[in-house]
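Asks: So that you have it, the file is input.txt, and it contains compact mmCIF, C-alpha atoms and all ligand atoms:
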# COMPACT_ATOMS: atom_id res chain seq x y z
CA MET A 263 -27.23 -7.46 -19.46
CA ASN A 264 -23.85 -9.08 -18.76
CA ARG A 265 -23.21 -10.04 -15.14
CA SER A 266 -20.13 -8.40 -13.63
CA SER A 267 -17.38 -10.77 -12.68
CA ILE A 268 -14.90 -10.46 -9.87
CA LEU A 269 -11.68 -12.32 -9.16
CA LEU A 270 -11.18 -12.85 -5.43
CA ILE A 271 -7.55 -13.54 -4.60
CA TYR A 272 -6.88 -15.02 -1.17
CA THR A 273 -3.34 -14.58 0.15
CA GLY A 274 -3.85 -15.24 3.88
CA GLY A 275 -4.19 -12.98 6.92
CA THR A 276 -6.40 -13.07 10.00
CA ILE A 277 -9.62 -13.20 7.99
CA GLY A 278 -9.03 -16.85 7.16
CA MET A 279 -7.05 -17.86 10.26
CA LYS A 280 -8.01 -20.37 12.95
CA ALA A 281 -6.65 -20.91 16.45
CA ASP A 282 -4.18 -23.78 16.42
CA GLY A 283 -5.35 -26.68 18.64
CA VAL A 284 -1.86 -27.10 20.14
CA ASP A 285 -0.62 -23.62 21.12
CA GLY A 286 -3.76 -21.54 20.49
CA VAL A 287 -2.04 -19.02 18.16
CA LEU A 288 -3.71 -17.90 14.93
CA ARG A 289 -2.43 -19.54 11.75
CA PRO A 290 -3.73 -19.36 8.16
CA PHE A 291 -6.43 -21.89 7.40
CA ASP A 292 -7.82 -23.03 4.07
CA PHE A 293 -10.16 -21.07 1.86
CA SER A 294 -13.20 -23.31 2.41
CA GLN A 295 -13.48 -21.70 5.85
CA ILE A 296 -14.14 -18.30 4.27
CA LEU A 297 -16.61 -19.60 1.71
CA SER A 298 -18.66 -21.47 4.29
CA GLU A 299 -18.65 -18.55 6.74
CA VAL A 300 -19.70 -15.96 4.14
CA PRO A 301 -22.64 -17.46 2.23
CA GLU A 302 -23.56 -13.85 1.38
CA LEU A 303 -20.97 -14.08 -1.42
CA GLY A 304 -23.43 -16.33 -3.24
CA LYS A 305 -26.14 -13.65 -3.13
CA PHE A 306 -24.32 -11.19 -5.40
CA ALA A 307 -25.62 -10.75 -8.90
CA CYS A 308 -22.01 -10.90 -10.07
CA LYS A 309 -19.94 -13.99 -10.78
CA ILE A 310 -17.05 -14.53 -8.36
CA ASP A 311 -14.03 -16.66 -9.22
CA TYR A 312 -11.31 -17.54 -6.73
CA GLU A 313 -7.55 -17.74 -6.81
CA VAL A 314 -5.99 -19.12 -3.65
CA PHE A 315 -2.31 -18.64 -2.82
CA SER A 316 -0.25 -21.51 -1.55
CA PRO A 317 1.11 -21.31 1.02
CA LEU A 318 -1.31 -18.92 2.71
CA ILE A 319 0.67 -16.46 4.77
CA ASP A 320 0.57 -14.12 7.70
CA SER A 321 1.20 -10.84 5.90
CA SER A 322 4.27 -10.16 8.03
CA ASP A 323 5.87 -12.70 5.68
CA VAL A 324 5.08 -10.63 2.58
CA GLU A 325 7.98 -10.13 0.18
CA PRO A 326 8.11 -8.19 -3.09
CA GLY A 327 7.90 -11.52 -4.93
CA MET A 328 4.32 -11.77 -3.74
CA TRP A 329 3.53 -8.34 -5.18
CA GLN A 330 4.99 -9.50 -8.49
CA ARG A 331 2.79 -12.57 -8.38
CA LEU A 332 -0.31 -10.58 -7.50
CA ALA A 333 0.32 -7.92 -10.15
CA SER A 334 0.98 -10.62 -12.77
CA ILE A 335 -2.27 -12.44 -11.98
CA ILE A 336 -4.23 -9.21 -12.32
CA PHE A 337 -2.41 -8.29 -15.54
CA GLU A 338 -2.89 -11.72 -17.14
CA ARG A 339 -6.56 -12.06 -16.19
CA TYR A 340 -7.44 -8.38 -16.60
CA ASP A 341 -9.81 -8.78 -19.52
CA GLU A 342 -11.78 -11.59 -17.85
CA TYR A 343 -12.93 -9.55 -14.84
CA ASP A 344 -14.55 -6.24 -13.94
CA GLY A 345 -12.72 -5.99 -10.66
CA PHE A 346 -10.34 -7.69 -8.25
CA VAL A 347 -10.57 -8.21 -4.49
CA ILE A 348 -7.45 -9.22 -2.57
CA LEU A 349 -7.81 -10.83 0.85
CA HIS A 350 -4.64 -9.92 2.70
CA GLY A 351 -3.39 -9.64 6.28
CA THR A 352 -3.60 -6.17 7.77
CA ASP A 353 0.00 -5.91 8.97
CA THR A 354 1.51 -5.13 5.56
CA MET A 355 -1.63 -4.36 3.58
CA ALA A 356 -0.67 -0.69 3.13
CA TYR A 357 2.73 -1.72 1.71
CA SER A 358 1.16 -4.18 -0.71
CA ALA A 359 -1.54 -1.76 -1.83
CA SER A 360 1.08 0.95 -2.40
CA ALA A 361 3.28 -1.43 -4.38
CA LEU A 362 0.47 -2.63 -6.63
CA SER A 363 -0.59 0.95 -7.32
CA PHE A 364 2.80 1.59 -8.93
CA MET A 365 3.17 -1.80 -10.60
CA LEU A 366 -0.19 -1.50 -12.38
CA GLU A 367 -0.15 1.62 -14.54
CA ASN A 368 -3.32 2.85 -16.29
CA LEU A 369 -5.62 0.81 -14.13
CA SER A 370 -9.23 1.16 -15.26
CA LYS A 371 -10.67 -1.48 -12.92
CA PRO A 372 -10.85 -1.72 -9.13
CA VAL A 373 -8.23 -3.61 -7.14
CA ILE A 374 -9.61 -3.67 -3.60
CA PHE A 375 -7.60 -4.98 -0.68
CA THR A 376 -9.41 -6.11 2.44
CA GLY A 377 -9.02 -8.40 5.44
CA SER A 378 -10.11 -8.36 9.06
CA GLN A 379 -9.06 -7.98 12.65
CA LEU A 380 -10.99 -11.09 13.79
CA PRO A 381 -11.11 -14.37 11.85
CA VAL A 382 -14.19 -14.81 9.72
CA GLY A 383 -15.29 -17.74 11.90
CA ALA A 384 -15.34 -15.63 15.11
CA PRO A 385 -18.82 -14.54 16.27
CA ARG A 386 -17.96 -10.80 16.26
CA THR A 387 -15.88 -10.91 13.09
CA ASP A 388 -15.44 -7.78 11.01
CA GLY A 389 -14.40 -10.00 8.10
CA LYS A 390 -17.83 -10.58 6.62
CA GLU A 391 -18.75 -6.92 6.25
CA ASN A 392 -15.31 -6.03 4.93
CA LEU A 393 -15.38 -8.81 2.35
CA VAL A 394 -18.97 -8.32 1.20
CA SER A 395 -18.58 -4.53 0.82
CA ALA A 396 -15.22 -4.94 -0.94
CA VAL A 397 -16.89 -7.20 -3.51
CA GLU A 398 -19.70 -4.69 -3.95
CA ILE A 399 -17.20 -1.86 -4.48
CA ALA A 400 -15.14 -3.94 -6.91
CA SER A 401 -18.22 -4.52 -9.05
CA ALA A 402 -19.64 -0.97 -8.81
CA LYS A 403 -20.11 0.88 -12.10
CA SER A 404 -20.75 4.54 -12.85
CA PRO A 405 -23.91 5.51 -14.81
CA GLU A 406 -21.69 5.46 -17.96
CA GLY A 407 -20.84 1.82 -17.26
CA LYS A 408 -17.24 2.47 -16.20
CA ALA A 409 -15.66 1.24 -12.97
CA MET A 410 -16.47 3.50 -10.01
CA VAL A 411 -13.04 2.91 -8.48
CA PRO A 412 -10.39 2.55 -11.20
CA GLU A 413 -7.54 2.29 -8.72
CA VAL A 414 -5.90 0.28 -5.94
CA ALA A 415 -7.74 0.87 -2.68
CA ILE A 416 -8.18 -0.59 0.79
CA TYR A 417 -11.68 -1.21 2.11
CA PHE A 418 -11.72 -1.62 5.88
CA GLY A 419 -14.01 -0.61 8.76
CA SER A 420 -16.61 1.10 6.53
CA LYS A 421 -14.05 3.24 4.69
CA LEU A 422 -12.57 2.97 1.23
CA LEU A 423 -9.08 4.51 1.23
CA ARG A 424 -6.60 5.14 -1.56
CA GLY A 425 -4.09 2.30 -1.23
CA ASN A 426 -0.96 4.41 -1.51
CA ARG A 427 -2.24 6.98 1.01
CA SER A 428 -3.18 4.40 3.65
CA THR A 429 -1.51 3.22 6.80
CA LYS A 430 -2.41 0.75 9.52
CA VAL A 431 -3.28 2.88 12.54
CA ASN A 432 -4.72 0.49 15.08
CA SER A 433 -3.84 -3.09 15.99
CA GLU A 434 -7.16 -3.73 17.75
CA SER A 435 -9.90 -1.48 16.41
CA PHE A 436 -12.13 -2.56 13.54
CA GLU A 437 -11.13 0.79 12.01
CA ALA A 438 -7.58 -0.41 11.52
CA PHE A 439 -6.67 1.87 8.58
CA ASP A 440 -6.67 5.54 7.81
CA SER A 441 -5.34 7.82 5.08
CA PRO A 442 -4.43 10.77 7.29
CA ASN A 443 -3.69 13.23 4.49
CA MET A 444 -6.67 12.34 2.33
CA GLU A 445 -10.41 11.93 2.81
CA PRO A 446 -11.81 8.42 2.22
CA LEU A 447 -12.69 7.57 -1.39
CA ALA A 448 -16.00 6.21 -0.11
CA GLN A 449 -17.87 5.66 3.11
CA ALA A 450 -20.15 2.66 3.64
CA GLY A 451 -23.35 2.97 5.63
CA ILE A 452 -26.78 1.92 4.41
CA ASN A 453 -25.45 3.06 1.04
CA ILE A 454 -21.88 3.25 -0.19
CA ARG A 455 -21.23 6.93 -0.80
CA TYR A 456 -18.40 7.59 -3.24
CA ASN A 457 -16.35 10.77 -3.12
CA ASP A 458 -16.41 11.35 -6.89
CA LYS A 459 -14.07 14.32 -6.75
CA LEU A 460 -11.27 12.23 -5.27
CA LEU A 461 -11.53 9.07 -7.35
CA LEU A 462 -8.97 8.79 -10.14
CA PRO A 463 -10.33 9.12 -13.69
CA VAL A 464 -10.56 6.06 -15.93
CA PRO A 465 -7.44 6.27 -18.13
CA ASP A 466 -7.53 6.02 -21.90
CA ALA A 467 -4.34 4.01 -22.23
CA PRO A 468 -3.99 0.22 -21.84
CA LEU A 469 -2.86 -1.38 -18.59
CA ARG A 470 0.90 -1.67 -18.17
CA LEU A 471 2.63 -4.04 -15.79
CA HIS A 472 5.86 -2.96 -14.08
CA LYS A 473 7.29 -6.05 -12.45
CA GLU A 474 10.86 -4.93 -11.89
CA LEU A 475 11.47 -3.76 -8.34
CA ASP A 476 14.80 -2.71 -6.86
CA THR A 477 14.63 -3.19 -3.10
CA ARG A 478 17.93 -1.55 -2.19
CA VAL A 479 16.14 1.04 -0.06
CA SER A 480 16.60 1.60 3.69
CA ILE A 481 14.64 3.52 6.30
CA LEU A 482 16.41 5.69 8.86
CA LYS A 483 14.17 6.71 11.73
CA ILE A 484 15.67 9.68 13.56
CA HIS A 485 15.44 9.69 17.35
CA PRO A 486 17.12 11.49 20.25
CA GLY A 487 20.31 9.63 21.10
CA ILE A 488 20.82 8.12 17.65
CA THR A 489 24.49 7.20 17.25
CA PRO A 490 26.93 7.95 14.41
CA GLY A 491 27.53 4.24 13.92
CA VAL A 492 23.87 3.49 13.30
CA VAL A 493 23.42 6.46 10.96
CA ARG A 494 26.61 5.60 9.06
CA ASN A 495 25.58 1.96 8.58
CA ILE A 496 22.26 2.96 7.09
CA LEU A 497 23.22 6.02 5.06
CA LEU A 498 26.49 4.69 3.70
CA GLY A 499 25.51 1.02 3.46
CA GLU A 500 27.11 -0.49 0.37
CA ASP A 501 23.95 -2.17 -0.79
CA THR A 502 21.78 0.93 -0.42
CA ARG A 503 20.67 3.07 -3.36
CA ALA A 504 18.10 5.19 -1.52
CA VAL A 505 17.25 6.04 2.07
CA ILE A 506 13.95 7.27 3.45
CA ILE A 507 14.83 9.51 6.39
CA GLU A 508 11.93 9.60 8.84
CA THR A 509 12.29 13.00 10.45
CA TYR A 510 10.51 15.02 13.11
CA GLY A 511 7.57 17.32 12.39
CA ALA A 512 7.89 19.33 9.19
CA GLY A 513 11.04 17.47 8.16
CA ASN A 514 13.54 18.39 10.87
CA ALA A 515 16.56 16.39 11.94
CA PRO A 516 19.59 17.00 14.20
CA SER A 517 21.83 19.82 13.03
CA ASN A 518 25.03 18.50 14.63
CA PRO A 519 28.05 18.30 12.33
CA TRP A 520 28.61 14.52 12.40
CA PHE A 521 25.02 13.88 11.33
CA LEU A 522 24.98 16.42 8.52
CA ASP A 523 28.37 15.25 7.35
CA LEU A 524 27.09 11.68 6.94
CA VAL A 525 24.04 12.95 5.06
CA ARG A 526 26.32 14.95 2.74
CA GLN A 527 28.57 11.93 2.17
CA ALA A 528 25.59 9.71 1.29
CA SER A 529 24.31 12.33 -1.12
CA ALA A 530 27.75 12.69 -2.72
CA GLN A 531 27.82 8.90 -3.22
CA GLY A 532 24.72 9.30 -5.41
CA LYS A 533 22.24 7.92 -2.90
CA ILE A 534 18.71 9.22 -3.15
CA LEU A 535 17.70 10.63 0.23
CA VAL A 536 14.03 11.35 0.84
CA ASN A 537 12.58 13.17 3.82
CA VAL A 538 9.31 11.74 5.19
CA THR A 539 7.78 12.92 8.46
CA GLN A 540 7.28 10.67 11.47
CA CYS A 541 4.05 12.57 12.14
CA PHE A 542 0.79 10.76 11.52
CA ALA A 543 -0.51 13.60 9.32
CA GLY A 544 0.80 16.73 7.63
CA THR A 545 3.64 17.35 5.23
CA VAL A 546 7.40 17.87 5.06
CA ASP A 547 8.40 21.47 4.41
CA MET A 548 12.13 21.94 4.80
CA SER A 549 11.88 25.71 4.40
CA ILE A 550 10.26 26.32 7.80
CA TYR A 551 13.07 25.59 10.29
CA ALA A 552 16.83 25.94 10.09
CA ASN A 553 17.15 22.21 10.94
CA GLY A 554 14.97 21.32 7.95
CA LYS A 555 16.86 23.71 5.68
CA CYS A 556 20.14 21.96 6.62
CA MET A 557 18.71 18.69 5.34
CA GLU A 558 17.75 20.30 2.04
CA GLN A 559 21.21 21.86 1.70
CA CYS A 560 22.78 18.44 2.22
CA GLY A 561 20.89 17.07 -0.80
CA VAL A 562 17.81 15.57 0.85
CA ILE A 563 14.61 15.84 -1.17
CA SER A 564 11.13 16.27 0.23
CA GLY A 565 8.75 13.33 0.41
CA ARG A 566 5.99 15.84 1.15
CA ASP A 567 2.95 14.16 2.70
CA SER A 568 3.81 10.60 1.67
CA THR A 569 3.46 7.68 4.04
CA THR A 570 6.61 5.65 4.55
CA GLU A 571 4.85 2.64 3.01
CA CYS A 572 4.10 4.55 -0.18
CA MET A 573 7.59 6.05 -0.43
CA LEU A 574 9.21 2.65 -0.02
CA ALA A 575 7.04 1.17 -2.78
CA LYS A 576 7.58 4.18 -5.06
CA LEU A 577 11.35 3.94 -4.67
CA PHE A 578 11.34 0.16 -5.32
CA TYR A 579 9.37 0.88 -8.50
CA LEU A 580 11.39 3.88 -9.73
CA LEU A 581 14.77 2.25 -9.01
CA GLY A 582 13.50 -0.94 -10.65
CA ALA A 583 12.59 1.03 -13.77
CA GLY A 584 16.29 1.70 -14.35
CA LEU A 585 15.94 5.49 -14.41
CA ASP A 586 18.84 7.83 -13.70
CA ASN A 587 18.90 9.75 -10.41
CA GLU A 588 17.65 13.02 -11.90
CA SER A 589 14.61 11.34 -13.47
CA ILE A 590 13.90 9.49 -10.23
CA LYS A 591 14.06 12.73 -8.24
CA LYS A 592 11.70 14.39 -10.71
CA LYS A 593 9.21 11.54 -10.48
CA LEU A 594 9.41 11.61 -6.70
CA SER A 595 8.13 15.17 -6.80
CA GLU A 596 5.19 14.19 -9.04
CA SER A 597 2.03 12.28 -8.24
CA LEU A 598 2.11 9.19 -10.45
CA ARG A 599 -0.89 7.26 -9.07
CA GLY A 600 -2.70 9.78 -6.90
CA GLU A 601 -0.14 9.44 -4.10
N1 LIG B 701 -0.73 -10.85 11.34
C1 LIG B 701 -1.92 -10.76 10.53
C2 LIG B 701 -1.49 -10.54 9.09
O1 LIG B 701 -1.12 -9.45 8.75
C3 LIG B 701 -2.79 -9.64 11.01
C4 LIG B 701 -4.09 -9.47 10.25
O2 LIG B 701 -4.35 -10.05 9.24
O3 LIG B 701 -4.89 -8.65 10.72
O4 LIG B 701 -1.52 -11.45 8.31
Represent the structure of the file as structure tokens.
Ligand code: ASP
Replies:
Amino acid sequence: MNRSSILLIYTGGTIGMKADGVDGVLRPFDFSQILSEVPELGKFACKIDYEVFSPLIDSSDVEPGMWQRLASIIFERYDEYDGFVILHGTDTMAYSASALSFMLENLSKPVIFTGSQLPVGAPRTDGKENLVSAVEIASAKSPEGKAMVPEVAIYFGSKLLRGNRSTKVNSESFEAFDSPNMEPLAQAGINIRYNDKLLLPVPDAPLRLHKELDTRVSILKIHPGITPGVVRNILLGEDTRAVIIETYGAGNAPSNPWFLDLVRQASAQGKILVNVTQCFAGTVDMSIYANGKCMEQCGVISGRDSTTECMLAKLFYLLGAGLDNESIKKKLSESLRGE
């Protein structure tokens, strides 16, 4: 029987960081640290190859160029491996996982992001368990010999979550991620229990890489006291093609005339305006309250139960694909990758 093979891509993040001798702050360290701290990687029946980014980064430095690099590596080396594990900082992991889910269409192999809250060298690190289980998940096969998880996911704190449904929810807990509007894809205990009904099916078509991203997207977070100047700058910004409006509750925003007038102007300029809730869970439904209805009447479309991270990545991808506004709006109302 052929051994499975996994490509482990190390981009940086706390998992491989070390306290700097001078100022004591955590900075990325080299990959040898991870290999020596996790000898368990050598116990897997599968073959593990490594790709190490240079420079290693704190994920708050992530830029779309890194997503393009990651997606290209996976695309170019796709046939060599059964699965991919990406070691990544937690701060922007949900953005990166969302972006890769759109950039890699027809994925039939796992792409599992993981990292940790404590460096792998720390005595109470969560990094070992996260890494070892992520590798196990990336190499898991169904009884028919297909990948168990043919999608982009985040494994963290015993849970496997769909990448484009995930968000970082805690800056301290080992359970740093959640997908509030969707059950985990798997739960790890003594065994890893997969939620078969939720996992995406293995597609029939070949993998397609979408590298073009258009980042002219802004986020407007509504709050009491927001000023016309701030709203105008974001909604009517010259270099903005789409705006995610983070609203209250079920998609409600102020109903005062100056605000609605700016929303109408942005819509008339051909900007794509998407309503995403500030709530941790639940969905946008602009038909419930008059304040939500006003948004809809001004041309704002519903982002339903999307996370902001996912909507940002989806807009980068759809705008980058060179589609016209009507096609983009249609695709925003569809689930393209289980989002
Ligand atoms: N600042 C770190 C990063 O995102 C945090 C972490 O990895 O947990 O790279």
Asks: Please provide as a PDB file with C-alpha atoms, in the frame of the given file all residues within 8 Å of Asn514 (chain A), with the sequence filter that same-chain residues fewer than 6 positions apart are discarded (counting only C-alpha atoms).
Replies:
ATOM      1  CA  MET A 548      12.130  21.940   4.800  1.00  0.00           C
ATOM      2  CA  TYR A 551      13.070  25.590  10.290  1.00  0.00           C
ATOM      3  CA  ASN A 553      17.150  22.210  10.940  1.00  0.00           C
ATOM      4  CA  GLY A 554      14.970  21.320   7.950  1.00  0.00           C
ATOM      5  CA  MET A 557      18.710  18.690   5.340  1.00  0.00           C
TER       6      MET A 557
END
Asks: Rounded to one decimal in Å, what is the spacing between CA of Ala552 (chain A) and CA of Ser597 (chain A)?
Replies: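 Taking CA of Ala552 (chain A) and CA of Ser597 (chain A), their separation equals 27.2 Å.
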Asks: Which residues form the shell of 7 Å around ligand LIG 701 (chain B) when you count all atoms listed in the file, given as an NGL selection string?
Replies: :A and (274-277 or 319-322 or 350-354 or 377-379)
Asks: Just give me the residues with any atom within 9 Å of (-9.0, -0.9, -3.9), file coordinates, counting only C-alpha atoms, written as a list in words.
Replies: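 Counting only C-alpha atoms, I find these residues within 9 Å of (-9.0, -0.9, -3.9): Phe346, Val347, Ile348, Ala359, Pro372, Val373, Ile374, Phe375, Thr376, Ala396, Ile399, Ala400, Val411, Pro412, Glu413, Val414, Ala415, Ile416, Tyr417, Leu422, Leu423, Arg424 and Gly425 of chain A.
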Asks: For a cutoff of 12 Å around the file-coordinate point (-19.6, -7.0, 4.2), which residues qualify once you count only C-alpha atoms? I'd like the result as a PyMOL selection string.
Replies: chain A and resi 299-303+305-306+376-378+382+387-399+417-421+450-452+454
Asks: Atoms to include: C-alpha atoms. Write the selected residues as a compact mmCIF listing (two decimals), in the coordinates of the input.
Replies:
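Result file is again_8.txt:
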# COMPACT_ATOMS: atom_id res chain seq x y z
CA GLU A 299 -18.65 -18.55 6.74
CA VAL A 300 -19.70 -15.96 4.14
CA PRO A 301 -22.64 -17.46 2.23
CA GLU A 302 -23.56 -13.85 1.38
CA LEU A 303 -20.97 -14.08 -1.42
CA LYS A 305 -26.14 -13.65 -3.13
CA PHE A 306 -24.32 -11.19 -5.40
CA THR A 376 -9.41 -6.11 2.44
CA GLY A 377 -9.02 -8.40 5.44
CA SER A 378 -10.11 -8.36 9.06
CA VAL A 382 -14.19 -14.81 9.72
CA THR A 387 -15.88 -10.91 13.09
CA ASP A 388 -15.44 -7.78 11.01
CA GLY A 389 -14.40 -10.00 8.10
CA LYS A 390 -17.83 -10.58 6.62
CA GLU A 391 -18.75 -6.92 6.25
CA ASN A 392 -15.31 -6.03 4.93
CA LEU A 393 -15.38 -8.81 2.35
CA VAL A 394 -18.97 -8.32 1.20
CA SER A 395 -18.58 -4.53 0.82
CA ALA A 396 -15.22 -4.94 -0.94
CA VAL A 397 -16.89 -7.20 -3.51
CA GLU A 398 -19.70 -4.69 -3.95
CA ILE A 399 -17.20 -1.86 -4.48
CA TYR A 417 -11.68 -1.21 2.11
CA PHE A 418 -11.72 -1.62 5.88
CA GLY A 419 -14.01 -0.61 8.76
CA SER A 420 -16.61 1.10 6.53
CA LYS A 421 -14.05 3.24 4.69
CA ALA A 450 -20.15 2.66 3.64
CA GLY A 451 -23.35 2.97 5.63
CA ILE A 452 -26.78 1.92 4.41
CA ILE A 454 -21.88 3.25 -0.19
Asks: Could you check which of A:Arg503, A:Lys555, A:Lys403, A:Lys592 is closest to Thr477 (chain A), using all atoms listed in the file?
Replies: A:Arg503
Asks: Quick one, how far is CA of Ser334 (chain A) from CA of His472 (chain A)?
Replies: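 Separation of CA of Ser334 (chain A) and CA of His472 (chain A): 9.2 Å.
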Asks: Taking all listed atoms of region 520-531 of chain A, build the axis-aligned box, pad each of the six sides by 4 Å, then write its centre and edge lengths in Å to one decimal as lines of an AutoDock Vina configuration file.
Replies:
center_x = 26.3
center_y = 12.7
center_z = 4.6
size_x = 12.6
size_y = 15.5
size_z = 23.6
Asks: Pick out the residues sitting within 7 Å of Met365 (chain A), and hand them over as a ChimeraX atom specification; count only C-alpha atoms, and ignore anything fewer than 4 positions along from it in its own chain.
Replies: /A:333,361,471-473
Asks: Rank A:Asp523, A:Glu558, A:Glu313, A:Glu571 by their smallest atom-to-atom distance to Val536 (chain A), using only C-alpha atoms, and report the top residue only.
Replies: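 Ranking A:Asp523, A:Glu558, A:Glu313, A:Glu571 by distance to Val536 (chain A), first place goes to A:Glu558.
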Asks: Select, from A:Pro446, A:Gly565, A:Gly491, A:Gly532, the residue with the minimum atom-to-atom distance to Glu588 (chain A), counting only C-alpha atoms.
Replies: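 Comparing A:Pro446, A:Gly565, A:Gly491, A:Gly532 against Glu588 (chain A), the winner is A:Gly532.
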Asks: Using all atoms listed in the file, can you tell me which of A:Lys483, A:Arg470, A:Arg478, A:Lys533 comes closest to Ser363 (chain A)?
Replies: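 Closest to Ser363 (chain A), using all atoms listed in the file: A:Arg470.
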Asks: Looking at all atoms listed in the file, which of A:Arg494, A:Arg427, A:Arg526, A:Lys459 is the one that sits closest to Arg599 (chain A)?
Replies: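 Using all atoms listed in the file, Arg599 (chain A) sits closest to A:Arg427.
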Asks: State, in Å with one decimal place, the distance from CA of Glu596 (chain A) to CA of Met444 (chain A).
Replies: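 Those two atoms sit 16.5 Å apart.
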Asks: With distances taken over only C-alpha atoms, which residue among A:Asn537, A:Ser294, A:Gln531, A:Ser370 lies nearest Gly345 (chain A)?
Replies: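 Of A:Asn537, A:Ser294, A:Gln531, A:Ser370, the one nearest Gly345 (chain A) is A:Ser370, counting only C-alpha atoms.
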Asks: Can you pull out the residues contacting Cys308 (chain A)? Cut-off 6 Å, using all atoms listed in the file, and skip same-chain residues under 6 positions away; I want them as a PyMOL selection string.
Replies: chain A and resi 265-267
Asks: Could you build a table of the residues in region 521-594 of chain A lying no more than 10 Å from region 430-441 of chain A, giving for each the nearest pair of atoms and their separation in Å rounded to one decimal place, using all atoms listed in the file, ordered by chain and ascending residue number, as JSON lines?
Replies:
{"residue": "A:Phe542", "atom": "CA", "partner": "A:Val431", "partner_atom": "CA", "distance": 8.9}
{"residue": "A:Ala543", "atom": "CA", "partner": "A:Ser441", "partner_atom": "CA", "distance": 8.6}
{"residue": "A:Thr569", "atom": "CA", "partner": "A:Ser441", "partner_atom": "CA", "distance": 8.9}
{"residue": "A:Glu571", "atom": "CA", "partner": "A:Lys430", "partner_atom": "CA", "distance": 9.9}
